[in-house]
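Chemist: Structure incoming, see below.
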There are 4 protein chains.
Amino acid sequence: MNAGKSTQILQVRHNYHERHQATLLLKPATDDRDGQDFIRARVGLEAKVDALVFPDTDMRDLVRDREAAGTLKPDCILVDEAQFLTPDQIGQLCELADVRGIPVLCFGLRADFRGQLFPGSASLMALADTIEEIKTICWCGKKATMNARLVNGRITFEGPQVLIGGNDTYISLCRKHWREGQTAPPA
Amino acid sequence: MNAGKSTQILQVRHNYHERHQATLLLKPATDDRDGQDFIRARVGLEAKVDALVFPDTDMRDLVRDREAAGTLKPDCILVDEAQFLTPDQIGQLCELADVRGIPVLCFGLRADFRGQLFPGSASLMALADTIEEIKTICWCGKKATMNARLVNGRITFEGPQVLIGGNDTYISLCRKHWREGQTAPPA
Amino acid sequence: MNAGKSTQILQVRHNYHERHQATLLLKPATDDRDGQDFIRARVGLEAKVDALVFPDTDMRDLVRDREAAGTLKPDCILVDEAQFLTPDQIGQLCELADVRGIPVLCFGLRADFRGQLFPGSASLMALADTIEEIKTICWCGKKATMNARLVNGRITFEGPQVLIGGNDTYISLCRKHWREGQTAPPA
Amino acid sequence: MNAGKSTQILQVRHNYHERHQATLLLKPATDDRDGQDFIRARVGLEAKVDALVFPDTDMRDLVRDREAAGTLKPDCILVDEAQFLTPDQIGQLCELADVRGIPVLCFGLRADFRGQLFPGSASLMALADTIEEIKTICWCGKKATMNARLVNGRITFEGPQVLIGGNDTYISLCRKHWREGQTAPPA
């Protein structure tokens with residue numbers, strides 16, 4: 001959370017556009033935090049996605065249908081919140097990369113607030129050519145690798161993986177402070 | 001497979017020993033390819049493990065019991081074939097790192113021959129501070145990221161995750177050639 | 001050039017500020033492309049630097065003087081265009097990191113249009129704890145690792161390392177196309 | 001020093017040979033610590049180099065002459081102690097990679113005992129497609145990034161970059177302990 005994933009996906013898109021190359025910007029529909037079809041970075045950037053991905057979307061059809069409608073083959077596919085893709089969709093993205101030669105960059109969280117991979121992340125971790133980390137920091141100064149869920153200001157390790165419309169917030173912590181439930185420096 | 005994981009774990013151990021620091025070299029007992037208690041690298045190196053890890057081993061007890069018996073706290077814990085650890089054991093290793101301050105380096109495969117994470121790898125991918133790749137190459141020259149299972153010389157995508165005493169072998173391929181089942185250059 | 005360095009430095013600053021931590025944002029005065037004291041990212045972000053760094057600035061004094069004037073010790077020092085720092089200044093930043101425990105992140109180019117390290121980059125490449133790459137792409141789709149200088153639309157390999165007020169522009173290319181002077185796909 | 005560079009180069013060579021692919025194993029002649037034409041890893045591995053590289057060797061000729069003599073084009077060029085190559089030779093290796101399509105892997109130190117890049121390392125740092133770190137540890141447990149020269153057991157920061165036949169030894173330290181000259185834990 002808040003490490004700058006959305007900033008980075010919008011920067012990559014900008015890099016392609018500066019070279020007059022086409023991108024296909026995607027986002028799973030299950031995430032509605034930002035409005036259904038916008039990617040917004042808190043640092044102050046936003047862009048409208050080219051398409052929302054639903055659980056039954058076939059990623060290959062998504063590209064093919066756009067080509068049939070006259071859109072050029074994208075020079076790059078960019079997916080935000082990729083942890084919410086299904087394993088099948090990750091497999092389809094691999095096919096687009098391997099067979100059609102389209103670079104695919106997926107941005108997302110690896111693990112949920114309990115420290116367990118999201119289904120989309122598990123497939124990505126198994127199949128990705130390259131795994132890169134976007135870094136942020138814990139309050140202690142160390143690298144924050146975990147995302148804690150806070151309910152009424154306290155860390156919880158229980159509850160559903162995705163919680164929509166709840167009274168929860170998230171905070172980035174190093175693993176030690178996530179495990180210990182320490183969300184701020186001792187007073 | 002064959003990328004040099006065992007070589008690297010033995011090199012790290014050697015680096016610690018050259019500095020007169022103690023290592024704890026571990027391996028899950030489920031893997032008996034090399035003899036139960038040896039780590040052997042095909043390049044021509046080997047070492048006896050300090051302990052085998054069984055599915056019900058508590059990694060914290062393993063360290064505590066050795067300390068109780070007079071062995072120094074290790075300066076580093078090294079685990080080979082870490083994909084075969086249980087998720088609980090990965091959590092215990094995190095605790096040894098975070099609470100007792102012992103660096104833990106786990107070496108292993110990320111995915112099986114079907115392209116699915118091993119249980120131990122899934123936990124490591126979710127919780128590790130740092131994920132690093134040991135590279136090897138496909139016959140085509142690209143980075144090999146997948147391990148294909150060959151039965152009678154042909155790639156299979158079916159069967160149990162771990163196959164002991166079978167007629168199978170493994171080969172490292174890039175994802176494209178793994179998917180296509182092409183194990184060698186076209187004749 | 002144009003890979004997103006400025007975006008990333010502003011994102012890191014934002015991450016610290018979201019945690020109510022203080023940053024010290026610096027830039028060598030030799031670079032006046034953006035206005036002397038602003039960092040501007042083409043994607044649409046900007047920030048005023050906290051101080052400009054001149055060739056005779058002592059980085060330790062810069063921190064000390066601010067502390068003497070009542071500013072808190074920064075939680076992080078961020079330097080843009082760090083290729084223009086002097087080797088002495090890189091050494092002083094190492095001291096701030098090692099002795100005073102302040103994380104220092106330097107963003108910059110590694111090599112000039114001729115493929116030679118900048119003096120600041122050479123020191124950073126020799127002394128940095130961690131070297132990370134911010135990626136962008138060549139027109140051919142490969143990773144662009146070189147920055148070519150164009151004069152009247154043609155690549156040049158001659159001239160001073162820094163050219164101020166000239167008729168030149170820069171383009172990111174992979175090493176092969178930089179060497180061959182091919183700045184766009186064959187017509 | 002002693003991080004495992006030689007082990008790793010011999011492992012990569014082994015990986016290629018297991019796939020029945022040809023490697024060209026090279027080493028600058030200026031380094032005679034191991035015997036002129038052997039690469040030896042302290043962990044217990046060694047191999048004879050295919051050719052020694054002299055300061056006036058043209059790396060392209062070296063490949064061409066072997067091909068003229070009937071040796072196949074190598075699938076990979078491996079260079080140990082690459083910090084001792086000349087900048088021209090690094091440029092020639094880039095040409096072999098970019099024009100002839102031969103992967104080139106160079107292993108070496110980045111900086112000397114004074115913290116200054118070797119000439120070969122400076123060119124590699126400026127031109128390499130990918131820069132990877134082989135890690136080892138300081139006595140304090142942190143990553144060792146510096147190589148200190150010891151004369152009679154004490155760190156020195158003066159003297160020639162390369163010292164042959166001297167009474168010196170080297171030790172890997174983190175930057176803080178290199179700078180402070182502390183080669184072992186306080187007694």
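In the structure tokens, each chain is lettered A, B, ... as it comes, each chain's residues begin at 1, and ligands are numbered from 1 in order of appearance.
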Hey, what's within 6 Å of segment 102-110 of chain D if we count only C-alpha atoms and toss same-chain stuff fewer than 5 positions away? As a VMD selection string, please?
Modeler: chain D and resid 76 to 83 96 to 97 117 121
Chemist: Given the selection you just returned, output its residues as a file containing N, CA and C atoms, formatted as a PDB file, in the first residue's frame.
Modeler:
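Result went into selection-v2.pdb, see below:
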ATOM      1  N   CYS D  76      28.773 -18.487 -25.054  1.00  0.00           N
ATOM      2  CA  CYS D  76      28.898 -17.538 -23.949  1.00  0.00           C
ATOM      3  C   CYS D  76      30.369 -17.233 -23.724  1.00  0.00           C
ATOM      4  N   ILE D  77      30.680 -15.964 -23.471  1.00  0.00           N
ATOM      5  CA  ILE D  77      32.034 -15.567 -23.095  1.00  0.00           C
ATOM      6  C   ILE D  77      32.032 -15.240 -21.605  1.00  0.00           C
ATOM      7  N   LEU D  78      32.965 -15.836 -20.878  1.00  0.00           N
ATOM      8  CA  LEU D  78      33.057 -15.636 -19.433  1.00  0.00           C
ATOM      9  C   LEU D  78      34.422 -15.048 -19.099  1.00  0.00           C
ATOM     10  N   VAL D  79      34.449 -13.924 -18.412  1.00  0.00           N
ATOM     11  CA  VAL D  79      35.718 -13.276 -18.071  1.00  0.00           C
ATOM     12  C   VAL D  79      35.842 -13.130 -16.565  1.00  0.00           C
ATOM     13  N   ASP D  80      36.900 -13.704 -16.016  1.00  0.00           N
ATOM     14  CA  ASP D  80      37.169 -13.533 -14.590  1.00  0.00           C
ATOM     15  C   ASP D  80      38.124 -12.354 -14.397  1.00  0.00           C
ATOM     16  N   GLU D  81      38.127 -11.768 -13.240  1.00  0.00           N
ATOM     17  CA  GLU D  81      39.002 -10.635 -12.907  1.00  0.00           C
ATOM     18  C   GLU D  81      38.870  -9.527 -13.955  1.00  0.00           C
ATOM     19  N   ALA D  82      37.629  -9.261 -14.364  1.00  0.00           N
ATOM     20  CA  ALA D  82      37.380  -8.341 -15.471  1.00  0.00           C
ATOM     21  C   ALA D  82      37.748  -6.905 -15.133  1.00  0.00           C
ATOM     22  N   GLN D  83      38.005  -6.621 -13.860  1.00  0.00           N
ATOM     23  CA  GLN D  83      38.425  -5.262 -13.504  1.00  0.00           C
ATOM     24  C   GLN D  83      39.761  -4.914 -14.142  1.00  0.00           C
ATOM     25  N   LEU D  96      30.946  -7.657 -29.398  1.00  0.00           N
ATOM     26  CA  LEU D  96      30.679  -9.094 -29.544  1.00  0.00           C
ATOM     27  C   LEU D  96      29.256  -9.430 -29.083  1.00  0.00           C
ATOM     28  N   ALA D  97      28.803  -8.754 -28.049  1.00  0.00           N
ATOM     29  CA  ALA D  97      27.440  -8.998 -27.553  1.00  0.00           C
ATOM     30  C   ALA D  97      26.400  -8.417 -28.510  1.00  0.00           C
ATOM     31  N   LEU D 117      37.157   2.945  -8.515  1.00  0.00           N
ATOM     32  CA  LEU D 117      36.911   1.947  -9.550  1.00  0.00           C
ATOM     33  C   LEU D 117      38.212   1.558 -10.250  1.00  0.00           C
ATOM     34  N   SER D 121      36.448  -1.874 -14.486  1.00  0.00           N
ATOM     35  CA  SER D 121      35.166  -1.799 -13.791  1.00  0.00           C
ATOM     36  C   SER D 121      34.421  -0.530 -14.166  1.00  0.00           C
TER      37      SER D 121
END
Chemist: Give me, as a PyMOL selection string, all polymer residues having an atom no more than 10 Å from Asn152 of chain D, counting only C-alpha atoms and skipping those fewer than 2 positions away in the same chain.
Modeler: chain D and resi 149-150+154-156+167-169
Chemist: Provide the atom CA of Ala184 of chain C to atom CA of Phe84 of chain C distance in Å, to one decimal place.
Modeler: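 Between atom CA of Ala184 of chain C and atom CA of Phe84 of chain C the gap is 29.1 Å.
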Chemist: Please identify the helix (DSSP H, G or I) residues within chain C (assignment by DSSP from backbone atoms) and present them as JSON, numbers by chain.
Modeler: {"C": [5, 6, 7, 8, 9, 10, 11, 12, 13, 14, 15, 16, 17, 18, 59, 60, 61, 62, 63, 64, 65, 66, 67, 68, 82, 83, 84, 87, 88, 89, 90, 91, 92, 93, 94, 95, 96, 97, 98, 119, 120, 121, 122, 123, 124, 125, 126, 127, 175, 176, 177, 178, 179, 180]}
Chemist: Contacts between chain B and chain A, please, where a residue of chain A counts if it comes within 6 Å (with only C-alpha atoms); show its shortest atom pair and distance in Å to one decimal, rows by chain and ascending number, as a Markdown table.
Modeler:
| residue | atom | partner | partner_atom | distance |
| --- | --- | --- | --- | --- |
| A:Asp98 | CA | B:Lys176 | CA | 5.4 |
| A:Ala111 | CA | B:Ala126 | CA | 5.4 |
| A:Gln116 | CA | B:Ala126 | CA | 5.9 |
| A:Leu117 | CA | B:Ala126 | CA | 5.6 |
| A:Ala126 | CA | B:Ala111 | CA | 5.4 |
| A:Lys176 | CA | B:Asp98 | CA | 5.4 |
Chemist: Quick one: distance from atom CA of Thr23 of chain C to atom CA of Ala47 of chain C in Å, one decimal?
Modeler: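 Between atom CA of Thr23 of chain C and atom CA of Ala47 of chain C the gap works out to 12.1 Å.
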Chemist: Looking only at strand (DSSP E or B) from DSSP on the backbone, list the matching residues of chain A as a ChimeraX atom specification.
Modeler: /A:23-28,38-41,45-48,51-53,76-79,104-106,111,117,136-137,143-144,146-151,154-156,168-173
Chemist: Record the distance separating atom CA of Lys48 of chain B and atom CA of Pro160 of chain B, expressed in Å with one decimal.
Modeler: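 Those two atoms sit 28.6 Å apart.
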Chemist: If we count only C-alpha atoms, what is near segment 17-19 of chain A at a cut-off of 9 Å, once residues fewer than 4 positions away on the same chain are taken out, given as JSON, numbers by chain?
Modeler: {"A": [12, 13, 23], "C": [2, 137, 138, 139]}
Chemist: Can you write just those residues out, C-alpha atoms, as a PDB file, in the first residue's frame?
Modeler:
ATOM      1  CA  VAL A  12       5.796   3.525 -17.518  1.00  0.00           C
ATOM      2  CA  ARG A  13       2.723   4.425 -19.549  1.00  0.00           C
ATOM      3  CA  THR A  23      -0.218   0.903 -24.077  1.00  0.00           C
TER       4      THR A  23
ATOM      5  CA  ASN C   2      13.148  10.523 -19.233  1.00  0.00           C
ATOM      6  CA  ILE C 137      12.832   1.465 -23.298  1.00  0.00           C
ATOM      7  CA  CYS C 138      14.499   1.958 -26.644  1.00  0.00           C
ATOM      8  CA  TRP C 139      12.313   2.432 -29.744  1.00  0.00           C
TER       9      TRP C 139
END
